[in-house]
>>> print(open('coords_19.cif').read())   # mmCIF, C-alpha atoms
data_input
loop_
_atom_site.group_PDB
_atom_site.id
_atom_site.type_symbol
_atom_site.label_atom_id
_atom_site.label_comp_id
_atom_site.auth_asym_id
_atom_site.auth_seq_id
_atom_site.Cartn_x
_atom_site.Cartn_y
_atom_site.Cartn_z
ATOM 1 C CA MET A 21 -79.362 2.993 -10.370
ATOM 2 C CA ALA A 22 -79.101 4.924 -7.120
ATOM 3 C CA VAL A 23 -75.622 3.475 -6.450
ATOM 4 C CA LYS A 24 -74.428 4.384 -9.957
ATOM 5 C CA ALA A 25 -75.781 7.905 -9.574
ATOM 6 C CA ALA A 26 -74.056 8.308 -6.221
ATOM 7 C CA ARG A 27 -70.736 7.108 -7.640
ATOM 8 C CA ALA A 28 -71.063 9.411 -10.634
ATOM 9 C CA LEU A 29 -71.732 12.347 -8.336
ATOM 10 C CA GLU A 30 -68.753 11.409 -6.195
ATOM 11 C CA ASN A 31 -66.459 11.175 -9.221
ATOM 12 C CA LYS A 32 -67.700 14.533 -10.505
ATOM 13 C CA PHE A 33 -67.074 16.089 -7.094
ATOM 14 C CA GLU A 34 -63.526 14.703 -7.016
ATOM 15 C CA THR A 35 -62.731 16.137 -10.433
ATOM 16 C CA LEU A 36 -63.773 19.577 -9.221
ATOM 17 C CA MET A 37 -61.294 19.419 -6.361
ATOM 18 C CA LYS A 38 -57.830 20.867 -6.633
ATOM 19 C CA PRO A 39 -54.869 18.484 -6.857
ATOM 20 C CA GLY A 40 -53.511 17.819 -3.415
ATOM 21 C CA SER A 41 -55.169 16.175 -0.419
ATOM 22 C CA LEU A 42 -54.892 15.742 3.324
ATOM 23 C CA THR A 43 -55.400 12.598 5.375
ATOM 24 C CA VAL A 44 -55.036 12.858 9.141
ATOM 25 C CA VAL A 45 -54.219 9.682 11.065
ATOM 26 C CA GLY A 46 -53.354 8.702 14.628
ATOM 27 C CA THR A 47 -50.628 6.420 15.998
ATOM 28 C CA GLY A 48 -52.622 5.237 19.014
ATOM 29 C CA ILE A 49 -51.086 5.419 22.479
ATOM 30 C CA GLN A 50 -48.730 2.441 22.539
ATOM 31 C CA PHE A 51 -45.731 2.295 20.242
ATOM 32 C CA ILE A 52 -46.795 1.025 16.793
ATOM 33 C CA GLY A 53 -49.082 -1.751 18.074
ATOM 34 C CA GLN A 54 -52.201 0.452 18.102
ATOM 35 C CA LEU A 55 -51.646 1.919 14.645
ATOM 36 C CA THR A 56 -54.347 0.720 12.236
ATOM 37 C CA LEU A 57 -53.525 -0.948 8.922
ATOM 38 C CA GLU A 58 -55.329 1.890 7.127
ATOM 39 C CA ALA A 59 -53.232 4.521 8.888
ATOM 40 C CA ARG A 60 -50.015 2.634 8.086
ATOM 41 C CA ALA A 61 -50.952 2.527 4.412
ATOM 42 C CA HIS A 62 -51.583 6.272 4.249
ATOM 43 C CA ILE A 63 -48.273 7.040 5.980
ATOM 44 C CA LYS A 64 -46.399 4.801 3.558
ATOM 45 C CA GLN A 65 -48.104 6.048 0.389
ATOM 46 C CA ALA A 66 -48.144 9.786 1.157
ATOM 47 C CA GLU A 67 -46.034 12.150 -0.900
ATOM 48 C CA LYS A 68 -45.383 14.178 2.247
ATOM 49 C CA VAL A 69 -45.733 13.202 5.906
ATOM 50 C CA LEU A 70 -45.855 15.672 8.777
ATOM 51 C CA PHE A 71 -46.070 14.284 12.292
ATOM 52 C CA LEU A 72 -46.409 15.191 15.962
ATOM 53 C CA VAL A 73 -45.885 12.248 18.303
ATOM 54 C CA SER A 74 -44.941 11.864 21.945
ATOM 55 C CA GLU A 75 -41.911 9.609 21.904
ATOM 56 C CA PRO A 76 -38.816 9.076 19.699
ATOM 57 C CA LEU A 77 -39.315 5.434 18.674
ATOM 58 C CA THR A 78 -42.577 6.231 16.908
ATOM 59 C CA ALA A 79 -40.924 9.219 15.226
ATOM 60 C CA ASP A 80 -38.082 6.985 13.991
ATOM 61 C CA TRP A 81 -40.572 4.400 12.699
ATOM 62 C CA ILE A 82 -42.495 7.056 10.726
ATOM 63 C CA ARG A 83 -39.257 8.319 9.161
ATOM 64 C CA ASP A 84 -38.280 4.755 8.208
ATOM 65 C CA VAL A 85 -41.657 4.085 6.573
ATOM 66 C CA ASN A 86 -41.698 7.371 4.668
ATOM 67 C CA PRO A 87 -38.451 9.346 4.126
ATOM 68 C CA THR A 88 -40.429 12.558 3.457
ATOM 69 C CA ALA A 89 -41.541 12.612 7.101
ATOM 70 C CA GLU A 90 -41.015 15.872 8.978
ATOM 71 C CA SER A 91 -41.687 16.563 12.650
ATOM 72 C CA LEU A 92 -43.957 19.413 13.718
ATOM 73 C CA TYR A 93 -42.515 19.383 17.231
ATOM 74 C CA PRO A 94 -40.078 22.306 16.606
ATOM 75 C CA TYR A 95 -43.065 24.647 16.486
ATOM 76 C CA TYR A 96 -43.340 24.175 20.237
ATOM 77 C CA GLN A 97 -41.134 26.512 22.252
ATOM 78 C CA GLN A 98 -40.694 26.850 25.982
ATOM 79 C CA GLY A 99 -43.216 29.367 27.340
ATOM 80 C CA LYS A 100 -44.830 29.906 23.932
ATOM 81 C CA ALA A 101 -48.637 29.910 23.805
ATOM 82 C CA ARG A 102 -49.722 26.526 22.478
ATOM 83 C CA ILE A 103 -52.365 28.099 20.222
ATOM 84 C CA ASN A 104 -49.634 30.009 18.367
ATOM 85 C CA SER A 105 -47.737 26.766 17.790
ATOM 86 C CA TYR A 106 -50.909 25.094 16.541
ATOM 87 C CA VAL A 107 -51.572 27.860 14.013
ATOM 88 C CA GLU A 108 -48.049 27.456 12.638
ATOM 89 C CA MET A 109 -48.464 23.676 12.403
ATOM 90 C CA ILE A 110 -51.705 24.107 10.466
ATOM 91 C CA GLU A 111 -50.059 26.471 8.007
ATOM 92 C CA ARG A 112 -47.123 24.073 7.547
ATOM 93 C CA ILE A 113 -49.508 21.213 6.737
ATOM 94 C CA LEU A 114 -51.553 23.305 4.305
ATOM 95 C CA CYS A 115 -48.400 24.562 2.610
ATOM 96 C CA GLU A 116 -47.692 21.017 1.406
ATOM 97 C CA VAL A 117 -51.316 20.382 0.419
ATOM 98 C CA ARG A 118 -51.289 23.558 -1.689
ATOM 99 C CA LYS A 119 -48.315 22.159 -3.622
ATOM 100 C CA GLY A 120 -50.670 19.489 -4.938
ATOM 101 C CA LEU A 121 -49.216 16.680 -2.813
ATOM 102 C CA ARG A 122 -50.955 13.796 -1.061
ATOM 103 C CA VAL A 123 -50.219 14.793 2.519
ATOM 104 C CA CYS A 124 -50.554 12.611 5.598
ATOM 105 C CA ALA A 125 -50.543 14.364 8.977
ATOM 106 C CA VAL A 126 -49.811 11.986 11.847
ATOM 107 C CA PHE A 127 -50.703 12.707 15.470
ATOM 108 C CA TYR A 128 -50.325 10.850 18.749
ATOM 109 C CA GLY A 129 -53.357 8.887 19.977
ATOM 110 C CA HIS A 130 -56.642 9.562 18.192
ATOM 111 C CA PRO A 131 -56.009 12.370 15.665
ATOM 112 C CA GLY A 132 -59.277 14.088 16.552
ATOM 113 C CA VAL A 133 -59.045 13.978 20.350
ATOM 114 C CA PHE A 134 -57.256 16.929 21.973
ATOM 115 C CA VAL A 135 -55.654 17.762 18.618
ATOM 116 C CA TYR A 136 -56.629 21.273 17.564
ATOM 117 C CA PRO A 137 -54.391 21.408 14.442
ATOM 118 C CA SER A 138 -55.946 18.286 12.899
ATOM 119 C CA HIS A 139 -59.513 19.603 12.863
ATOM 120 C CA GLU A 140 -58.518 23.086 11.739
ATOM 121 C CA ALA A 141 -56.237 21.815 8.985
ATOM 122 C CA ILE A 142 -59.038 19.649 7.582
ATOM 123 C CA THR A 143 -61.552 22.506 7.774
ATOM 124 C CA GLN A 144 -59.218 24.938 6.035
ATOM 125 C CA ALA A 145 -58.195 22.424 3.365
ATOM 126 C CA ARG A 146 -61.830 21.755 2.489
ATOM 127 C CA LEU A 147 -62.614 25.475 2.372
ATOM 128 C CA GLU A 148 -59.772 25.887 -0.121
ATOM 129 C CA GLY A 149 -61.148 23.115 -2.320
ATOM 130 C CA TYR A 150 -58.908 20.191 -1.344
ATOM 131 C CA GLY A 151 -59.980 16.714 -0.326
ATOM 132 C CA ALA A 152 -59.415 16.140 3.390
ATOM 133 C CA LYS A 153 -60.403 13.432 5.837
ATOM 134 C CA MET A 154 -59.573 11.978 9.253
ATOM 135 C CA LEU A 155 -59.132 8.324 10.156
ATOM 136 C CA PRO A 156 -59.998 7.139 13.694
ATOM 137 C CA GLY A 157 -57.372 5.949 16.134
ATOM 138 C CA ILE A 158 -57.020 4.682 19.696
ATOM 139 C CA SER A 159 -57.152 7.473 22.291
ATOM 140 C CA SER A 160 -56.177 7.702 25.955
ATOM 141 C CA GLU A 161 -59.870 7.393 26.788
ATOM 142 C CA ASP A 162 -60.049 4.027 25.009
ATOM 143 C CA CYS A 163 -57.054 2.832 27.026
ATOM 144 C CA LEU A 164 -58.590 4.166 30.247
ATOM 145 C CA PHE A 165 -61.815 2.216 29.738
ATOM 146 C CA ALA A 166 -59.814 -0.970 29.140
ATOM 147 C CA ASP A 167 -57.245 -0.525 31.920
ATOM 148 C CA LEU A 168 -59.717 0.556 34.615
ATOM 149 C CA GLY A 169 -62.432 -1.882 33.566
ATOM 150 C CA ILE A 170 -65.013 0.836 33.028
ATOM 151 C CA ASP A 171 -68.073 0.529 30.824
ATOM 152 C CA PRO A 172 -69.195 4.115 30.063
ATOM 153 C CA ALA A 173 -72.685 2.841 29.301
ATOM 154 C CA ARG A 174 -73.162 1.469 32.822
ATOM 155 C CA THR A 175 -73.729 4.786 34.635
ATOM 156 C CA GLY A 176 -72.956 7.261 31.883
ATOM 157 C CA CYS A 177 -69.703 9.137 31.478
ATOM 158 C CA GLN A 178 -68.747 12.822 31.476
ATOM 159 C CA SER A 179 -65.462 13.953 29.974
ATOM 160 C CA PHE A 180 -63.906 17.432 30.180
ATOM 161 C CA GLU A 181 -60.549 19.094 29.748
ATOM 162 C CA ALA A 182 -59.665 20.188 33.295
ATOM 163 C CA THR A 183 -59.078 23.901 32.664
ATOM 164 C CA ASP A 184 -62.225 24.124 30.519
ATOM 165 C CA PHE A 185 -64.159 22.299 33.263
ATOM 166 C CA LEU A 186 -63.241 24.979 35.785
ATOM 167 C CA ILE A 187 -63.370 28.205 33.805
ATOM 168 C CA HIS A 188 -66.737 27.399 32.205
ATOM 169 C CA LYS A 189 -68.182 25.873 35.364
ATOM 170 C CA ARG A 190 -69.378 22.871 33.390
ATOM 171 C CA LYS A 191 -72.462 21.135 34.718
ATOM 172 C CA PHE A 192 -71.903 17.530 35.781
ATOM 173 C CA ASP A 193 -73.681 14.712 37.584
ATOM 174 C CA THR A 194 -72.098 12.977 40.595
ATOM 175 C CA GLY A 195 -74.134 9.913 39.645
ATOM 176 C CA CYS A 196 -72.034 9.516 36.459
ATOM 177 C CA SER A 197 -68.378 8.738 35.953
ATOM 178 C CA LEU A 198 -66.300 11.905 35.580
ATOM 179 C CA ILE A 199 -63.089 12.088 33.542
ATOM 180 C CA LEU A 200 -60.901 15.188 33.654
ATOM 181 C CA TRP A 201 -58.011 15.468 31.196
ATOM 182 C CA GLN A 202 -54.710 17.351 31.523
ATOM 183 C CA ILE A 203 -54.943 17.874 35.275
ATOM 184 C CA GLY A 204 -51.190 18.426 35.412
ATOM 185 C CA CYS A 205 -51.251 21.736 33.504
ATOM 186 C CA ILE A 206 -54.444 23.420 34.713
ATOM 187 C CA GLY A 207 -54.535 27.118 33.915
ATOM 188 C CA ASP A 208 -51.333 27.107 31.849
ATOM 189 C CA LEU A 209 -51.884 27.669 28.121
ATOM 190 C CA THR A 210 -48.190 27.644 27.223
ATOM 191 C CA PHE A 211 -45.822 24.839 26.274
ATOM 192 C CA ASN A 212 -43.597 23.706 29.099
ATOM 193 C CA VAL A 213 -40.922 20.996 29.073
ATOM 194 C CA GLY A 214 -40.589 21.095 32.848
ATOM 195 C CA PRO A 215 -43.074 20.595 35.670
ATOM 196 C CA TYR A 216 -46.154 22.804 35.651
ATOM 197 C CA ASP A 217 -47.324 24.927 38.564
ATOM 198 C CA SER A 218 -49.485 22.830 40.910
ATOM 199 C CA ARG A 219 -51.692 25.775 41.879
ATOM 200 C CA GLY A 220 -54.390 24.728 39.423
ATOM 201 C CA LEU A 221 -54.542 21.258 40.945
ATOM 202 C CA HIS A 222 -55.251 22.770 44.377
ATOM 203 C CA VAL A 223 -58.050 24.834 42.837
ATOM 204 C CA LEU A 224 -59.517 21.737 41.165
ATOM 205 C CA THR A 225 -59.378 19.734 44.403
ATOM 206 C CA GLU A 226 -61.108 22.477 46.354
ATOM 207 C CA TYR A 227 -63.799 22.797 43.688
ATOM 208 C CA LEU A 228 -64.520 19.078 43.441
ATOM 209 C CA CYS A 229 -64.770 18.715 47.217
ATOM 210 C CA GLN A 230 -67.791 21.012 47.092
ATOM 211 C CA TYR A 231 -69.650 18.211 45.269
ATOM 212 C CA TYR A 232 -67.970 15.004 46.441
ATOM 213 C CA ASP A 233 -67.040 13.709 49.881
ATOM 214 C CA ALA A 234 -63.420 14.441 50.749
ATOM 215 C CA ALA A 235 -62.787 10.704 51.147
ATOM 216 C CA HIS A 236 -64.450 9.781 47.853
ATOM 217 C CA PRO A 237 -62.089 7.560 45.824
ATOM 218 C CA ALA A 238 -60.428 8.865 42.680
ATOM 219 C CA ILE A 239 -57.885 7.441 40.246
ATOM 220 C CA ILE A 240 -54.936 9.201 38.644
ATOM 221 C CA TYR A 241 -54.304 7.481 35.343
ATOM 222 C CA GLU A 242 -51.711 7.454 32.578
ATOM 223 C CA ALA A 243 -51.808 5.005 29.672
ATOM 224 C CA ALA A 244 -48.672 2.981 28.974
ATOM 225 C CA GLU A 245 -46.752 4.106 25.895
ATOM 226 C CA TYR A 246 -44.962 0.760 25.449
ATOM 227 C CA PRO A 247 -46.378 -2.786 25.688
ATOM 228 C CA ILE A 248 -43.690 -3.824 28.190
ATOM 229 C CA PHE A 249 -44.885 -1.221 30.724
ATOM 230 C CA ASP A 250 -47.992 -1.125 32.869
ATOM 231 C CA PRO A 251 -50.300 1.894 32.923
ATOM 232 C CA THR A 252 -50.105 4.249 35.900
ATOM 233 C CA ILE A 253 -53.131 3.665 38.115
ATOM 234 C CA GLU A 254 -52.988 5.433 41.477
ATOM 235 C CA HIS A 255 -55.934 5.381 43.871
ATOM 236 C CA VAL A 256 -56.271 8.457 46.082
ATOM 237 C CA PRO A 257 -58.947 10.066 48.263
ATOM 238 C CA LEU A 258 -60.211 13.105 46.402
ATOM 239 C CA ALA A 259 -59.076 15.520 49.132
ATOM 240 C CA LYS A 260 -55.478 14.253 48.716
ATOM 241 C CA LEU A 261 -55.394 14.860 44.969
ATOM 242 C CA ALA A 262 -53.271 18.007 45.181
ATOM 243 C CA GLU A 263 -50.668 16.179 47.289
ATOM 244 C CA THR A 264 -50.122 13.476 44.668
ATOM 245 C CA GLN A 265 -47.390 13.332 42.046
ATOM 246 C CA ILE A 266 -48.937 14.464 38.760
ATOM 247 C CA SER A 267 -47.523 14.754 35.248
ATOM 248 C CA PRO A 268 -48.798 16.920 32.357
ATOM 249 C CA ILE A 269 -50.486 13.877 30.801
ATOM 250 C CA SER A 270 -52.190 12.625 33.980
ATOM 251 C CA THR A 271 -55.936 12.019 33.785
ATOM 252 C CA LEU A 272 -58.352 12.023 36.713
ATOM 253 C CA TYR A 273 -61.141 9.472 36.916
ATOM 254 C CA ILE A 274 -63.849 9.892 39.565
ATOM 255 C CA PRO A 275 -66.411 7.080 39.920
ATOM 256 C CA PRO A 276 -70.041 7.918 40.685
ATOM 257 C CA GLN A 277 -70.762 8.944 44.263
ATOM 258 C CA THR A 278 -74.549 8.781 44.039
ATOM 259 C CA THR A 279 -77.028 6.432 42.389
ATOM 260 C CA ALA A 280 -79.323 7.919 39.786
ATOM 261 C CA ALA A 281 -83.006 7.653 40.717
ATOM 262 C CA LEU A 282 -85.343 5.739 38.421
ATOM 263 C CA ASP A 283 -88.157 7.614 36.700
ATOM 264 C CA TYR A 284 -90.954 5.081 37.149
ATOM 265 C CA GLU A 285 -93.358 6.986 34.930
ATOM 266 C CA MET A 286 -90.875 6.835 32.068
ATOM 267 C CA LEU A 287 -90.216 3.152 32.736
ATOM 268 C CA ASP A 288 -93.929 2.485 32.379
ATOM 269 C CA ARG A 289 -94.104 4.486 29.143
ATOM 270 C CA LEU A 290 -91.216 2.468 27.723
ATOM 271 C CA GLY A 291 -92.563 -0.851 28.978
ATOM 272 C CA ILE A 292 -89.457 -1.619 31.057
ATOM 273 C CA ASP A 293 -89.612 -3.952 34.078
ATOM 274 C CA SER A 294 -88.773 -1.585 36.952
ATOM 275 C CA HIS A 295 -88.073 -4.444 39.385
ATOM 276 C CA LEU A 296 -85.351 -5.826 37.140
ATOM 277 C CA LEU A 297 -83.617 -2.466 36.761
ATOM 278 C CA ALA A 298 -83.941 -1.541 40.415
ATOM 279 C CA SER A 299 -82.051 -4.669 41.454
ATOM 280 C CA ALA A 300 -79.345 -4.479 38.797
ATOM 281 C CA PRO A 301 -75.783 -3.891 40.069
ATOM 282 C CA GLN A 302 -74.760 -0.267 39.634
ATOM 283 C CA SER A 303 -71.030 -0.896 39.613
ATOM 284 C CA ILE A 304 -69.158 -3.199 37.268
ATOM 285 C CA ASN A 305 -66.371 -3.311 39.889
ATOM 286 C CA ASN A 306 -68.539 -4.776 42.651
ATOM 287 C CA PRO A 307 -68.289 -8.588 42.227
ATOM 288 C CA ALA A 308 -70.457 -9.370 45.270
ATOM 289 C CA GLU A 309 -73.260 -7.115 44.034
ATOM 290 C CA SER A 310 -73.048 -8.577 40.518
ATOM 291 C CA LYS A 311 -73.108 -12.196 41.808
ATOM 292 C CA LYS A 312 -76.194 -11.497 43.912
ATOM 293 C CA PHE A 313 -77.948 -9.956 40.902
ATOM 294 C CA PHE A 314 -77.227 -12.864 38.560
ATOM 295 C CA ASP A 315 -78.067 -15.457 41.207
ATOM 296 C CA GLU A 316 -81.514 -13.857 41.514
ATOM 297 C CA LEU A 317 -82.026 -14.125 37.747
ATOM 298 C CA LYS A 318 -81.525 -17.896 37.776
#
>>> encode(input="coords_19.cif", output="structure tokens")
Amino acid sequence: MAVKAARALENKFETLMKPGSLTVVGTGIQFIGQLTLEARAHIKQAEKVLFLVSEPLTADWIRDVNPTAESLYPYYQQGKARINSYVEMIERILCEVRKGLRVCAVFYGHPGVFVYPSHEAITQARLEGYGAKMLPGISSEDCLFADLGIDPARTGCQSFEATDFLIHKRKFDTGCSLILWQIGCIGDLTFNVGPYDSRGLHVLTEYLCQYYDAAHPAIIYEAAEYPIFDPTIEHVPLAKLAETQISPISTLYIPPQTTAALDYEMLDRLGIDSHLLASAPQSINNPAESKKFFDELK
């Protein structure tokens, strides 16, 4: 009875909605291979497709699958504030929804990660009485965990956009992994087809060296866009970060420098064996430490 009532309520809600809908999907990072079957179906069946992707092969594939497909990239202009471009993209998406069409908006990577227009378009569509939803996709962070062999549950993980990290003085723990996105365009809120000013990277390096040793290892990472290529994984001492070649899509990964202390009182309250945890390897990338730990368990 409860299931029937829920379905009846859902059907009633749908009938109250205006004709027209919005589904936001992501292409993943690598060309086509990371696109979900669900996302493919929505792209194919949509009455209008609007897309913003990072490379031409994916754009061509979307146009082949659905001839209505239209790129949102022209809203970017050299030196134009990105927020202004995003507002125009949102309005373009909603314009098609308001026509009563089933619209599919396609974005690079995960459609909800570093994609301002996707969230705002869904919010506005719902406020106007249209059905709107987002489907998950594979993000750069997912690729980073796989390519670098990092388990975010091992020591915890902190993730910030680099400019936001600096201007809001975000609190972070040197005992956790730290991921900083968009380190190649720190402090620049405009669209730029050329290289960005490296001044922000110098500021970031100086700031981080207040909390980490200058020689502490860091990784500059870029996911591979095509299966035939390897990801960019460059190991550098933190103090040398500003001297390294960086692109606008480079990501910085900093492993933990310190080991988090155990709260023995809390362990007792939770009934956890403190001796087992105290001897557990802290790093998934330390084979010798892991072997010693598992040998002791035998």
>>> atom_distance(input="coords_19.cif", atom1="CA of Ile142 in chain A", atom2="CA of Asn86 in chain A")
21.4 Å
>>> resolve_selection(input="coords_19.cif", expression="the PyMOL selection byres ((chain A and resi 124) around 9)", output="MDAnalysis selection string")
chainID A and resid 41:45 62:63 65:71 113 122:123 125:126
>>> atom_distance(input="coords_19.cif", atom1="CA of Thr56 in chain A", atom2="CA of Tyr246 in chain A")
16.2 Å
>>> residues_around(input="coords_19.cif", residues="range 47-53 of chain A", least_positions_apart="3", cutoff="9 Å", atoms="only C-alpha atoms", output="JSON, numbers by chain")
{"A": [56, 59, 60, 73, 74, 75, 77, 78, 81, 126, 127, 128, 129, 130, 131, 157, 158, 159, 160, 163, 243, 244, 245, 246, 247]}
>>> axis_aligned_box(input="coords_19.cif", around="range 45-56 of chain A", padding_each_side="6 Å", output="lines of an AutoDock Vina configuration file")
center_x = -50.0
center_y = 4.0
center_z = 16.8
size_x = 20.6
size_y = 23.4
size_z = 23.5
>>> closest_residue(input="coords_19.cif", among="A:His139, A:Arg146, A:His255, A:Lys64", to="Tyr241 in chain A", atoms="all atoms listed in the file")
A:His255
>>> closest_atom_pairs(input="coords_19.cif", of="range 105-221 of chain A", to="range 226-237 of chain A", cutoff="12 Å", atoms="all atoms listed in the file", output="JSON lines")
{"residue": "A:Ala182", "atom": "CA", "partner": "A:Leu228", "partner_atom": "CA", "distance": 11.3}
{"residue": "A:Phe185", "atom": "CA", "partner": "A:Tyr227", "partner_atom": "CA", "distance": 10.4}
{"residue": "A:Leu186", "atom": "CA", "partner": "A:Tyr227", "partner_atom": "CA", "distance": 8.2}
{"residue": "A:Ile187", "atom": "CA", "partner": "A:Tyr227", "partner_atom": "CA", "distance": 11.3}
{"residue": "A:Lys189", "atom": "CA", "partner": "A:Tyr227", "partner_atom": "CA", "distance": 9.9}
{"residue": "A:Arg190", "atom": "CA", "partner": "A:Tyr227", "partner_atom": "CA", "distance": 11.7}
{"residue": "A:Lys191", "atom": "CA", "partner": "A:Tyr231", "partner_atom": "CA", "distance": 11.3}
{"residue": "A:Phe192", "atom": "CA", "partner": "A:Tyr231", "partner_atom": "CA", "distance": 9.8}
{"residue": "A:Asp193", "atom": "CA", "partner": "A:Tyr231", "partner_atom": "CA", "distance": 9.4}
{"residue": "A:Thr194", "atom": "CA", "partner": "A:Tyr231", "partner_atom": "CA", "distance": 7.4}
{"residue": "A:Gly195", "atom": "CA", "partner": "A:Tyr232", "partner_atom": "CA", "distance": 10.5}
{"residue": "A:Ser197", "atom": "CA", "partner": "A:Pro237", "partner_atom": "CA", "distance": 11.8}
{"residue": "A:Leu198", "atom": "CA", "partner": "A:Leu228", "partner_atom": "CA", "distance": 10.8}
{"residue": "A:Leu200", "atom": "CA", "partner": "A:Leu228", "partner_atom": "CA", "distance": 11.1}
{"residue": "A:Arg219", "atom": "CA", "partner": "A:Glu226", "partner_atom": "CA", "distance": 10.9}
{"residue": "A:Gly220", "atom": "CA", "partner": "A:Glu226", "partner_atom": "CA", "distance": 9.9}
{"residue": "A:Leu221", "atom": "CA", "partner": "A:Glu226", "partner_atom": "CA", "distance": 8.6}
>>> atom_distance(input="coords_19.cif", atom1="CA of Pro275 in chain A", atom2="CA of Ile199 in chain A")
8.8 Å
>>> residues_around(input="coords_19.cif", residues="range 106-108 of chain A", least_positions_apart="2", cutoff="8 Å", atoms="all atoms listed in the file", output="number ranges by chain")
A: 95, 102-104, 110-112, 136-137
>>> closest_residue(input="coords_19.cif", among="A:Met154, A:Leu296, A:Thr143, A:Ala166", to="Pro251 in chain A", atoms="only C-alpha atoms")
A:Ala166
>>> closest_residue(input="coords_19.cif", among="A:Gln98, A:Thr225, A:Ser294, A:Thr278", to="Lys260 in chain A", atoms="only C-alpha atoms")
A:Thr225
>>> closest_residue(input="coords_19.cif", among="A:Arg118, A:Leu209, A:Tyr93, A:Ile170", to="Glu148 in chain A", atoms="all atoms listed in the file")
A:Arg118
>>> closest_residue(input="coords_19.cif", among="A:Ala79, A:Ile240, A:Ile253, A:Ser270", to="Ile206 in chain A", atoms="only C-alpha atoms")
A:Ser270
>>> residues_around(input="coords_19.cif", residues="Pro39 in chain A", least_positions_apart="6", cutoff="10 Å", atoms="only C-alpha atoms", output="PDB file with C-alpha atoms, in the coordinates of the input")
ATOM      1  CA  VAL A 117     -51.316  20.382   0.419  1.00  0.00           C
ATOM      2  CA  ARG A 118     -51.289  23.558  -1.689  1.00  0.00           C
ATOM      3  CA  LYS A 119     -48.315  22.159  -3.622  1.00  0.00           C
ATOM      4  CA  GLY A 120     -50.670  19.489  -4.938  1.00  0.00           C
ATOM      5  CA  LEU A 121     -49.216  16.680  -2.813  1.00  0.00           C
ATOM      6  CA  ARG A 122     -50.955  13.796  -1.061  1.00  0.00           C
ATOM      7  CA  GLY A 149     -61.148  23.115  -2.320  1.00  0.00           C
ATOM      8  CA  TYR A 150     -58.908  20.191  -1.344  1.00  0.00           C
ATOM      9  CA  GLY A 151     -59.980  16.714  -0.326  1.00  0.00           C
TER      10      GLY A 151
END
>>> build_atoms(input="coords_19.cif", residues="range 126-138 of chain A", atoms="N, CA and C atoms", output="short mmCIF file (atom, residue, chain, number, x, y, z; two decimals), in the coordinates of the input")
data_model
loop_
_atom_site.label_atom_id
_atom_site.label_comp_id
_atom_site.auth_asym_id
_atom_site.auth_seq_id
_atom_site.Cartn_x
_atom_site.Cartn_y
_atom_site.Cartn_z
N VAL A 126 -49.76 13.06 10.86
CA VAL A 126 -49.81 11.99 11.85
C VAL A 126 -49.73 12.58 13.24
N PHE A 127 -50.69 12.20 14.10
CA PHE A 127 -50.70 12.71 15.47
C PHE A 127 -50.79 11.55 16.47
N TYR A 128 -50.31 11.81 17.65
CA TYR A 128 -50.32 10.85 18.75
C TYR A 128 -51.75 10.54 19.19
N GLY A 129 -52.04 9.27 19.49
CA GLY A 129 -53.36 8.89 19.98
C GLY A 129 -54.39 8.91 18.87
N HIS A 130 -55.59 9.34 19.20
CA HIS A 130 -56.64 9.56 18.19
C HIS A 130 -56.41 10.95 17.60
N PRO A 131 -56.35 11.08 16.27
CA PRO A 131 -56.01 12.37 15.66
C PRO A 131 -57.05 13.46 15.86
N GLY A 132 -58.24 13.09 16.35
CA GLY A 132 -59.28 14.09 16.55
C GLY A 132 -59.58 14.38 18.00
N VAL A 133 -58.80 13.80 18.92
CA VAL A 133 -59.04 13.98 20.35
C VAL A 133 -57.92 14.79 20.97
N PHE A 134 -58.24 15.99 21.42
CA PHE A 134 -57.26 16.93 21.97
C PHE A 134 -56.18 17.26 20.94
N VAL A 135 -56.59 17.40 19.69
CA VAL A 135 -55.65 17.76 18.62
C VAL A 135 -56.28 18.90 17.81
N TYR A 136 -56.07 20.10 18.24
CA TYR A 136 -56.63 21.27 17.56
C TYR A 136 -56.16 21.39 16.11
N PRO A 137 -54.85 21.21 15.83
CA PRO A 137 -54.39 21.41 14.44
C PRO A 137 -55.04 20.47 13.44
N SER A 138 -55.39 19.24 13.86
CA SER A 138 -55.95 18.29 12.90
C SER A 138 -57.31 18.75 12.38
#
